[in-house]
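Presented below is the structure to which this report refers.
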Amino acid sequence: MGRARLAELHGVATSYEPAPGRTVQVPEDTVVAVLAALGVDASTPESVREALDRHERRQRDRLLPPCVVVRPGKAPRLSLPEGTALRVRPEDGAPHTWGRAAAGTRGADGPLTEARTDSAHRGGAHTGGVLTEGTAADGLLTALAALPPGAHTLLAEAPDGRRATAPLIVAPDRMPLSPVRSHGFLVQLYSLLSARSWGMGDLGDLADLAAWSGRALGAGFIQINPLHAAVPGTPGAPTDPSPYRPSSRRFPDPVHLRIEDVPEYVQLRGRARERADQLLEAAAALRTSVLREGALIDRDAVWALKREALELVRTVPLSPGRRAAYCDFLAERGQALEDHALWCALAETHGPQWRTWPGGLADPRSAGTARARAEHLDRTDFHCWLAWLTDTQLAAAQRAARDAGMGIGLVHDLAVGVHPSGADAWALQDVFASGMSIGAPPDAFNSRGQDWGLPPWRPDALAATGYAPYRDLLRGLLRHAGALRIDHVMGLFRLWWVPEGRAPTEGCYVRYDAEAMLGVLALEAHRAGTVVIGEDLGTVEPGVREELERRGVLGTSVMWFERNYNGAGATGAARPLSPREWRADCLATVTTHDLPSTAARLTGDHVELRHRLGLLTRPLAEERAADAVEVAEWLALLGRLGLLPEGPGDEEGAVKAVHRFLLRTPARMVGVWLPDAVGDRRPQNLPGTWDQYPNWRLPIADAEGRPMSLEELVASPRLRELMAEVARLAPRDAAP
């Protein structure tokens with residue numbers, strides 16, 4: 001019982017429900033390992049008792065929790081001695097007055113505002129110093145809520161002289177929402193090659209797609225894959241092409257740069273110009289191999305060419321104005337950028353496996369690392385410069401989208417975690433749980449569970465920092481975004497932790513402070529004016545979708561999954577939802593990067609692909625039959641609604657019909673998977689495969705599998721016909 005109590009106090013679940021009504025107990029050694037990763041020794045009965053005693057003393061003795069989060073109508077729970085004085089140091093330095101409290105006074109550490117926990121200042125009955133919801137207008141909650149949204153500092157001084165400070169996050173109640181309904185494309189940027197690409201899609205291609213689709217199609221957004229910095233490849237170990245296992249989520253990868261759009265590129269002269277022209281020719285050959293010769297996208301080959309070109313470009317001095325802009329960027333991104341760039345420089349010398357680095361370099365704050373900072377100044381500056389260039393081109397792409405009339409513009413994607421050998425895991429070791437990986441528990445679809453190989457945040461360490469790493473991450477991502485998609489948004493509430501060396505079935509859930517995680521998200525989204533979309537597919541804890549909806553986080557609704565699981569269809573299970581039964585606060589789409597394309601779904605090609613790769617869990621004939629029934633149910637509904645005038649045998653007509661269906665729903669955002677618009681049958685990623693399938697390396701192709709450039713996509717009659725229907729049924733500026 002003591003260990004279970006200790007686990008509960010630290011948010012570690014000792015059981016889980018893989019299916020309604022079925023409870024599975026977590027192994028004891030898993031609980032011990034997870035608590036150890038949280039800095040709690042639970043290995044023996046004695047250590048459990050000592051840990052419980054320490055927790056009780058800490059709770060009793062501390063004045064303030066590690067972090068306080070408040071929003072309109074939601075009070076923080078503060079247990080304070082009667083007469084405790086509370087003051088706030090606002091982040092903007094401006095004084096504020098609280099109700100009957102004294103006017104803002106200036107202390108040695110800056111402007112302060114003050115209130116006191118007594119009955120007079122709470123305007124109601126004495127509640128023993130515990131400040132909760134329902135206090136009167138002069139109470140502390142009103143005072144806190146009256147502060148502007150921001151990351152402030154709360155200071156407490158008890159009558160006995162004890163003092164404490166804690167970060168105070170004042171958050172809006174909801175995320176911003178787009179005032180109009182919009183439609184747009186979903187695309188994996190690397191797959192979008194143009195006549196100017198260096199072997200994979202880049203930020204210039206993104207700006208072009210946004211400008212064209214905004215102006216010509218009335219599109220309101222472009223959703224892209226995560227552009228996070230990848231762990232660099234080494235000889236014999238190529239870069240992992242998955243955008244969801246990044247080195248850093250805080251900075252984008254310079255592989256996405258359009259080299260010719262760097263202003264200094266045109267100033268190359270002499271031998272540097274000759275070599276740059278040779279690299280441009282090599283890039284053209286690489287592009288041709290992908291678009292015309294059936295080659296896969298080779299991220300490392302692309303980066304080898306771009307890196308050499310960028311080394312040449314860097315020899316051109318920045319103009320005074322460009323130098324000033326670069327210095328501003330360095331100052332704004334600060335320690336986070338310096339750490340990221342230093343990791344990149346050290347990885348060039350020692351490889352990316354930072355745990356094997358010599359001379360204390362595995363510790364970003366060691367004396368050896370301090371010496372390395374001085375020794376690698378030039379290479380560190382090179383990587384800072386790359387981050388700045390990438391940031392400027394991201395800004396240009398978002399500007400192109402907004403100039404084209406897009407209400408939202410770019411929708412960036414936040415991966416659920418980072419690679420354990422990457423820059424973030426090195427620089428932020430204190431806030432990641434050592435020896436742990438996140439994944440998913442066993443369920444009806446995967447009896448073995450999943451291990452994603454990504455270290456989780458430590459919820460206690462996040463709180464102790466006032467969620468500073470999380471705030472910094474969001475602020476960086478939202479710099480040039482109209483919206484943010486959060487992969488596995490349920491992770492704001494809890495994550496499945498798997499101890500190193502154990503099977504995913506031997507993991508457990510660890511809970512996060514969802515009020516704080518959502519509060520910080522709302523604060524940063526409010527500051528940036530961005531919409532937030534949560535990927536909430538799969539197993540979702542009861543109440544999570546409802547809370548996300550209350551806080552203004554849009555859900556993700558994929559047509560094939562939208563069924564009434566309380567009503568039987570032809571399969572005897574769940575019937576497809578009619579358009580009016582869909583939720584309004586969502587991004588509605590037919591498919592995603594992890595699912596079959598619509599053409600492959602309609603024809604059954606995706607079943608054949610999975611059969612060839614040995615991924616089916618039942619006989620081929622049985623899988624084909626079940627898939628055909630599911631598709632037939634949807635086609636029948638489309639027919640009854642009058643959305644399939646072409647008839648069920650017309651593939652292009654059926655693709656149009658499913659999008660006509662989406663536009664009948666009340667969804668605020670309707671996304672068209674760009675490969676669907678030209679009949680591409682191949683998924684960009686096939687879960688459950690590694691080298692059996694070219695995940696994350698395919699260019700967009702037509703129905704015959706012929707790769708298509710951006711110029712060919714724009715000219716495609718099939719794409720234009722589909723998007724004409726979408727634009728007609730979802731005109732720009734329509735109310736949601």
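Residues are referred to by chain and number: the chain letter is A, B, ... according to the order shown in the structure tokens, the number counts from 1 in that chain, and ligands are numbered separately from 1 in the order shown.
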> Which residues in stretch 129-204 of chain A does DSSP call helix (DSSP H, G or I)? List them as JSON, numbers by chain.
Replying inline: {"A": [140, 141, 142, 143, 144, 145, 146, 189, 190, 191, 203, 204]}
Next, write the just-selected residues to a file, as a compact mmCIF listing (two decimals), in the first residue's frame, keeping all heavy atoms as the atom set.
```
# COMPACT_ATOMS: atom_id res chain seq x y z
N LEU A 140 -8.14 36.87 -3.74
CA LEU A 140 -6.90 36.68 -4.46
C LEU A 140 -7.13 36.20 -5.88
O LEU A 140 -6.42 36.60 -6.81
CB LEU A 140 -6.03 35.68 -3.71
CG LEU A 140 -4.65 35.41 -4.33
CD1 LEU A 140 -3.83 36.68 -4.39
CD2 LEU A 140 -3.93 34.33 -3.55
N LEU A 141 -8.12 35.34 -6.08
CA LEU A 141 -8.37 34.83 -7.43
C LEU A 141 -8.66 35.98 -8.38
O LEU A 141 -8.12 36.04 -9.49
CB LEU A 141 -9.54 33.85 -7.42
CG LEU A 141 -10.02 33.40 -8.81
CD1 LEU A 141 -8.90 32.73 -9.58
CD2 LEU A 141 -11.21 32.47 -8.68
N THR A 142 -9.51 36.91 -7.95
CA THR A 142 -9.83 38.05 -8.81
C THR A 142 -8.58 38.87 -9.08
O THR A 142 -8.35 39.33 -10.21
CB THR A 142 -10.89 38.93 -8.13
OG1 THR A 142 -12.06 38.13 -7.90
CG2 THR A 142 -11.25 40.12 -9.00
N ALA A 143 -7.76 39.02 -8.07
CA ALA A 143 -6.54 39.79 -8.25
C ALA A 143 -5.61 39.12 -9.24
O ALA A 143 -5.04 39.77 -10.12
CB ALA A 143 -5.84 39.96 -6.90
N LEU A 144 -5.43 37.82 -9.10
CA LEU A 144 -4.56 37.10 -10.02
C LEU A 144 -5.11 37.13 -11.43
O LEU A 144 -4.38 37.35 -12.40
CB LEU A 144 -4.38 35.66 -9.55
CG LEU A 144 -3.61 35.44 -8.26
CD1 LEU A 144 -3.63 33.97 -7.88
CD2 LEU A 144 -2.17 35.91 -8.40
N ALA A 145 -6.42 36.88 -11.56
CA ALA A 145 -7.03 36.84 -12.89
C ALA A 145 -6.99 38.20 -13.57
O ALA A 145 -7.05 38.28 -14.79
CB ALA A 145 -8.47 36.34 -12.79
N ALA A 146 -6.89 39.28 -12.77
CA ALA A 146 -6.85 40.62 -13.34
C ALA A 146 -5.49 40.95 -13.93
O ALA A 146 -5.35 41.91 -14.69
CB ALA A 146 -7.22 41.65 -12.28
N LEU A 189 6.38 18.29 -46.52
CA LEU A 189 7.14 19.25 -47.32
C LEU A 189 8.23 18.58 -48.14
O LEU A 189 8.45 18.96 -49.30
CB LEU A 189 7.74 20.33 -46.41
CG LEU A 189 8.57 21.41 -47.13
CD1 LEU A 189 7.77 22.10 -48.22
CD2 LEU A 189 9.10 22.42 -46.12
N TYR A 190 8.94 17.60 -47.57
CA TYR A 190 10.02 16.97 -48.31
C TYR A 190 9.54 16.35 -49.61
O TYR A 190 10.29 16.23 -50.58
CB TYR A 190 10.71 15.89 -47.45
CG TYR A 190 9.74 14.81 -47.00
CD1 TYR A 190 9.43 13.73 -47.82
CD2 TYR A 190 9.11 14.89 -45.75
CE1 TYR A 190 8.52 12.77 -47.42
CE2 TYR A 190 8.21 13.94 -45.36
CZ TYR A 190 7.91 12.88 -46.19
OH TYR A 190 6.99 11.93 -45.80
N SER A 191 8.24 15.95 -49.67
CA SER A 191 7.69 15.26 -50.84
C SER A 191 7.29 16.22 -51.95
O SER A 191 6.92 15.77 -53.04
CB SER A 191 6.47 14.43 -50.42
OG SER A 191 5.36 15.27 -50.10
N LEU A 203 11.64 25.31 -48.27
CA LEU A 203 10.80 26.42 -47.82
C LEU A 203 10.41 27.34 -48.96
O LEU A 203 9.36 27.99 -48.88
CB LEU A 203 11.53 27.20 -46.71
CG LEU A 203 11.70 26.41 -45.41
CD1 LEU A 203 12.62 27.15 -44.44
CD2 LEU A 203 10.35 26.15 -44.75
N GLY A 204 11.19 27.40 -50.01
CA GLY A 204 10.77 28.14 -51.19
C GLY A 204 9.57 27.49 -51.85
O GLY A 204 8.63 28.17 -52.29
```
> Quick one: residues within 12 Å of A:Thr349, only C-alpha atoms counted, chain neighbours fewer than 6 positions away excluded, as a PyMOL selection string?
Replying inline: chain A and resi 232+234+342-343+357-358+361+372+375-376+379
>> Show me, as a VMD selection string, the residues that have an atom within 9 Å of A:Val290 when counting only C-alpha atoms, minus same-chain residues fewer than 2 positions from it.
In response: chain A and resid 193 199 to 200 285 to 288 292 to 298 698 to 699 707
If you run DSSP on the backbone, which residues of stretch 343-491 of chain A are strand (DSSP E), as an mmCIF file with N, CA, C and O atoms, in the first residue's frame?
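Saved file states-v2.cif follows:
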```
data_model
loop_
_atom_site.group_PDB
_atom_site.id
_atom_site.type_symbol
_atom_site.label_atom_id
_atom_site.label_comp_id
_atom_site.auth_asym_id
_atom_site.auth_seq_id
_atom_site.Cartn_x
_atom_site.Cartn_y
_atom_site.Cartn_z
ATOM 1 N N GLY A 409 -2.756 30.452 -42.714
ATOM 2 C CA GLY A 409 -1.412 30.331 -43.260
ATOM 3 C C GLY A 409 -0.811 28.988 -42.914
ATOM 4 O O GLY A 409 -1.454 27.947 -43.054
ATOM 5 N N LEU A 410 0.408 29.000 -42.415
ATOM 6 C CA LEU A 410 1.118 27.754 -42.143
ATOM 7 C C LEU A 410 0.630 27.122 -40.846
ATOM 8 O O LEU A 410 0.481 27.798 -39.820
ATOM 9 N N VAL A 411 0.386 25.820 -40.916
ATOM 10 C CA VAL A 411 0.070 25.028 -39.727
ATOM 11 C C VAL A 411 1.280 24.148 -39.451
ATOM 12 O O VAL A 411 1.561 23.203 -40.193
ATOM 13 N N HIS A 412 2.023 24.485 -38.413
ATOM 14 C CA HIS A 412 3.206 23.696 -38.059
ATOM 15 C C HIS A 412 2.793 22.506 -37.196
ATOM 16 O O HIS A 412 1.704 22.475 -36.616
ATOM 17 N N ASP A 413 3.688 21.546 -37.105
ATOM 18 C CA ASP A 413 3.402 20.284 -36.426
ATOM 19 C C ASP A 413 4.432 20.082 -35.323
ATOM 20 O O ASP A 413 5.643 20.198 -35.577
ATOM 21 N N LEU A 414 3.967 19.777 -34.122
ATOM 22 C CA LEU A 414 4.847 19.518 -32.975
ATOM 23 C C LEU A 414 4.897 18.023 -32.707
ATOM 24 O O LEU A 414 3.893 17.415 -32.344
ATOM 25 N N MET A 436 13.931 6.177 -19.633
ATOM 26 C CA MET A 436 12.517 5.973 -19.953
ATOM 27 C C MET A 436 12.254 6.323 -21.417
ATOM 28 O O MET A 436 12.949 7.141 -22.008
ATOM 29 N N SER A 437 11.240 5.698 -21.974
ATOM 30 C CA SER A 437 10.793 5.996 -23.325
ATOM 31 C C SER A 437 9.276 6.046 -23.318
ATOM 32 O O SER A 437 8.621 5.358 -22.530
ATOM 33 N N ILE A 438 8.706 6.885 -24.187
ATOM 34 C CA ILE A 438 7.253 6.946 -24.275
ATOM 35 C C ILE A 438 6.767 6.028 -25.393
ATOM 36 O O ILE A 438 7.495 5.682 -26.311
ATOM 37 N N GLY A 439 5.510 5.626 -25.271
ATOM 38 C CA GLY A 439 4.917 4.724 -26.254
ATOM 39 C C GLY A 439 3.424 4.616 -26.023
ATOM 40 O O GLY A 439 2.764 5.593 -25.653
ATOM 41 N N ALA A 440 2.907 3.430 -26.215
ATOM 42 C CA ALA A 440 1.468 3.196 -26.056
ATOM 43 C C ALA A 440 1.257 1.820 -25.443
ATOM 44 O O ALA A 440 2.011 0.879 -25.731
ATOM 45 N N GLN A 450 3.471 -0.299 -27.800
ATOM 46 C CA GLN A 450 4.436 0.398 -28.650
ATOM 47 C C GLN A 450 5.474 1.121 -27.802
ATOM 48 O O GLN A 450 5.157 1.655 -26.741
ATOM 49 N N ASP A 451 6.703 1.115 -28.296
ATOM 50 C CA ASP A 451 7.796 1.881 -27.692
ATOM 51 C C ASP A 451 8.342 2.797 -28.778
ATOM 52 O O ASP A 451 8.882 2.336 -29.774
ATOM 53 N N TRP A 452 8.180 4.115 -28.593
ATOM 54 C CA TRP A 452 8.560 5.074 -29.632
ATOM 55 C C TRP A 452 10.002 5.541 -29.523
ATOM 56 O O TRP A 452 10.477 6.304 -30.372
ATOM 57 N N GLY A 453 10.701 5.115 -28.474
ATOM 58 C CA GLY A 453 12.110 5.467 -28.347
ATOM 59 C C GLY A 453 12.378 6.932 -28.092
ATOM 60 O O GLY A 453 13.434 7.445 -28.462
ATOM 61 N N LEU A 454 11.454 7.620 -27.436
ATOM 62 C CA LEU A 454 11.584 9.053 -27.176
ATOM 63 C C LEU A 454 11.515 9.295 -25.671
ATOM 64 O O LEU A 454 10.564 8.859 -25.019
ATOM 65 N N ALA A 483 -1.207 28.357 -37.114
ATOM 66 C CA ALA A 483 -1.803 27.324 -36.260
ATOM 67 C C ALA A 483 -0.723 26.311 -35.929
ATOM 68 O O ALA A 483 0.307 26.213 -36.600
ATOM 69 N N LEU A 484 -0.963 25.554 -34.874
ATOM 70 C CA LEU A 484 -0.046 24.504 -34.446
ATOM 71 C C LEU A 484 -0.821 23.218 -34.249
ATOM 72 O O LEU A 484 -1.824 23.194 -33.540
ATOM 73 N N ARG A 485 -0.375 22.159 -34.905
ATOM 74 C CA ARG A 485 -0.914 20.820 -34.663
ATOM 75 C C ARG A 485 -0.027 20.146 -33.625
ATOM 76 O O ARG A 485 1.206 20.152 -33.745
ATOM 77 N N ILE A 486 -0.629 19.545 -32.621
ATOM 78 C CA ILE A 486 0.122 18.853 -31.578
ATOM 79 C C ILE A 486 -0.099 17.362 -31.742
ATOM 80 O O ILE A 486 -1.218 16.861 -31.567
#
```
>> Need to verify the contact set: A:Gly671, 12 Å, only C-alpha atoms, exclusion of same-chain residues closer than 3 positions in sequence. Can you return it as a PyMOL selection string?
In response: chain A and resi 181-187+219-224+411+556-559+586-592+658-660+662-663+667-668+674-677+723+726-727+730
Write the selection just made, keeping N, CA, C and O atoms, as a compact mmCIF listing (two decimals), in the first residue's frame?
```txt
# COMPACT_ATOMS: atom_id res chain seq x y z
N ARG A 181 -14.56 29.73 -41.35
CA ARG A 181 -14.27 28.36 -41.76
C ARG A 181 -13.24 28.40 -42.89
O ARG A 181 -13.23 29.32 -43.71
N SER A 182 -12.37 27.42 -42.94
CA SER A 182 -11.34 27.44 -43.98
C SER A 182 -11.02 26.03 -44.45
O SER A 182 -11.27 25.05 -43.76
N HIS A 183 -10.47 25.97 -45.66
CA HIS A 183 -9.98 24.71 -46.20
C HIS A 183 -8.55 24.90 -46.65
O HIS A 183 -8.10 26.04 -46.88
N GLY A 184 -7.82 23.80 -46.76
CA GLY A 184 -6.43 23.91 -47.18
C GLY A 184 -5.83 22.55 -47.43
O GLY A 184 -6.50 21.52 -47.34
N PHE A 185 -4.54 22.56 -47.75
CA PHE A 185 -3.83 21.32 -48.05
C PHE A 185 -3.08 20.81 -46.83
O PHE A 185 -2.59 21.57 -46.00
N LEU A 186 -2.94 19.48 -46.76
CA LEU A 186 -2.04 18.81 -45.84
C LEU A 186 -0.93 18.20 -46.71
O LEU A 186 -1.22 17.49 -47.67
N VAL A 187 0.33 18.46 -46.37
CA VAL A 187 1.41 17.98 -47.22
C VAL A 187 2.67 17.74 -46.39
O VAL A 187 2.92 18.46 -45.41
N ALA A 219 -7.60 28.87 -50.62
CA ALA A 219 -7.22 28.08 -49.45
C ALA A 219 -6.88 28.99 -48.28
O ALA A 219 -6.37 30.09 -48.45
N GLY A 220 -7.16 28.48 -47.07
CA GLY A 220 -6.90 29.26 -45.87
C GLY A 220 -5.70 28.81 -45.08
O GLY A 220 -5.25 29.50 -44.17
N PHE A 221 -5.15 27.62 -45.42
CA PHE A 221 -4.01 27.13 -44.65
C PHE A 221 -3.27 26.05 -45.43
O PHE A 221 -3.81 25.44 -46.37
N ILE A 222 -2.03 25.81 -45.01
CA ILE A 222 -1.22 24.69 -45.47
C ILE A 222 -0.66 24.01 -44.22
O ILE A 222 0.08 24.64 -43.45
N GLN A 223 -1.04 22.76 -43.99
CA GLN A 223 -0.49 22.03 -42.85
C GLN A 223 0.67 21.18 -43.33
O GLN A 223 0.56 20.44 -44.31
N ILE A 224 1.80 21.29 -42.63
CA ILE A 224 3.01 20.56 -43.02
C ILE A 224 3.47 19.65 -41.89
O ILE A 224 3.01 19.74 -40.76
N VAL A 411 0.39 25.82 -40.92
CA VAL A 411 0.07 25.03 -39.73
C VAL A 411 1.28 24.15 -39.45
O VAL A 411 1.56 23.20 -40.19
N THR A 556 -9.04 16.36 -34.22
CA THR A 556 -8.75 15.85 -35.55
C THR A 556 -9.74 14.75 -35.87
O THR A 556 -9.81 13.76 -35.15
N SER A 557 -10.52 14.94 -36.91
CA SER A 557 -11.53 13.95 -37.30
C SER A 557 -11.20 13.41 -38.68
O SER A 557 -11.21 14.16 -39.67
N VAL A 558 -10.88 12.12 -38.74
CA VAL A 558 -10.57 11.44 -39.99
C VAL A 558 -11.81 10.64 -40.40
O VAL A 558 -12.34 9.86 -39.61
N MET A 559 -12.27 10.85 -41.62
CA MET A 559 -13.57 10.33 -42.04
C MET A 559 -13.75 8.85 -41.75
O MET A 559 -14.77 8.44 -41.19
N CYS A 586 -13.05 21.04 -35.07
CA CYS A 586 -12.07 20.06 -35.50
C CYS A 586 -11.49 20.42 -36.85
O CYS A 586 -12.03 21.27 -37.57
N LEU A 587 -10.38 19.79 -37.16
CA LEU A 587 -9.85 19.72 -38.52
C LEU A 587 -10.35 18.40 -39.09
O LEU A 587 -10.00 17.33 -38.58
N ALA A 588 -11.16 18.47 -40.12
CA ALA A 588 -11.72 17.28 -40.75
C ALA A 588 -10.92 16.93 -41.99
O ALA A 588 -10.61 17.81 -42.80
N THR A 589 -10.60 15.67 -42.14
CA THR A 589 -9.85 15.21 -43.30
C THR A 589 -10.24 13.78 -43.61
O THR A 589 -10.86 13.10 -42.78
N VAL A 590 -9.87 13.33 -44.80
CA VAL A 590 -10.17 11.96 -45.19
C VAL A 590 -9.06 11.02 -44.76
O VAL A 590 -9.32 9.89 -44.36
N THR A 591 -7.82 11.49 -44.81
CA THR A 591 -6.69 10.63 -44.46
C THR A 591 -5.55 11.48 -43.92
O THR A 591 -5.63 12.71 -43.89
N THR A 592 -4.47 10.82 -43.49
CA THR A 592 -3.29 11.50 -42.96
C THR A 592 -2.04 10.80 -43.48
O THR A 592 -2.12 9.80 -44.20
N VAL A 658 -16.04 12.14 -51.15
CA VAL A 658 -15.66 12.15 -49.72
C VAL A 658 -15.33 13.57 -49.27
O VAL A 658 -15.57 13.93 -48.11
N HIS A 659 -14.81 14.38 -50.18
CA HIS A 659 -14.53 15.77 -49.80
C HIS A 659 -15.81 16.62 -49.79
O HIS A 659 -15.95 17.54 -48.98
N ARG A 660 -16.75 16.30 -50.68
CA ARG A 660 -18.07 16.95 -50.58
C ARG A 660 -18.70 16.63 -49.23
O ARG A 660 -19.33 17.50 -48.59
N LEU A 662 -17.08 15.97 -46.36
CA LEU A 662 -16.43 16.76 -45.31
C LEU A 662 -16.98 18.17 -45.26
O LEU A 662 -17.14 18.76 -44.17
N LEU A 663 -17.27 18.72 -46.42
CA LEU A 663 -17.75 20.09 -46.48
C LEU A 663 -19.22 20.21 -46.05
O LEU A 663 -19.70 21.32 -45.84
N ALA A 667 -17.34 21.15 -39.52
CA ALA A 667 -15.93 21.30 -39.13
C ALA A 667 -15.40 22.69 -39.48
O ALA A 667 -15.63 23.21 -40.57
N ARG A 668 -14.67 23.29 -38.54
CA ARG A 668 -14.10 24.61 -38.75
C ARG A 668 -13.02 24.61 -39.84
O ARG A 668 -12.83 25.60 -40.54
N LEU A 674 -2.77 16.51 -49.98
CA LEU A 674 -2.36 16.90 -51.32
C LEU A 674 -2.16 15.71 -52.26
O LEU A 674 -2.59 15.77 -53.43
N PRO A 675 -1.54 14.61 -51.84
CA PRO A 675 -1.43 13.46 -52.75
C PRO A 675 -2.78 12.92 -53.22
O PRO A 675 -2.89 12.40 -54.33
N ASP A 676 -3.81 13.06 -52.38
CA ASP A 676 -5.15 12.62 -52.79
C ASP A 676 -5.65 13.38 -54.01
O ASP A 676 -6.41 12.86 -54.83
N ALA A 677 -5.24 14.63 -54.13
CA ALA A 677 -5.74 15.48 -55.21
C ALA A 677 -5.26 15.04 -56.58
O ALA A 677 -5.83 15.44 -57.60
N MET A 723 -10.32 20.73 -56.35
CA MET A 723 -10.25 21.94 -55.54
C MET A 723 -11.28 22.97 -55.97
O MET A 723 -11.69 23.82 -55.16
N VAL A 726 -14.15 22.00 -53.87
CA VAL A 726 -13.91 22.39 -52.48
C VAL A 726 -14.12 23.89 -52.30
O VAL A 726 -14.79 24.34 -51.37
N ALA A 727 -13.56 24.67 -53.21
CA ALA A 727 -13.69 26.13 -53.10
C ALA A 727 -15.14 26.57 -53.26
O ALA A 727 -15.60 27.51 -52.60
N ALA A 730 -16.87 25.55 -49.98
CA ALA A 730 -16.31 26.18 -48.77
C ALA A 730 -15.68 27.51 -49.15
O ALA A 730 -14.46 27.65 -49.16
```
> Could you work out how far atom CA of A:Phe432 lies from atom CA of A:Gln353, giving the answer in Å with one decimal?
Replying inline: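 Value for the atom CA of A:Gln353-atom CA of A:Phe432 distance: 16.4 Å.
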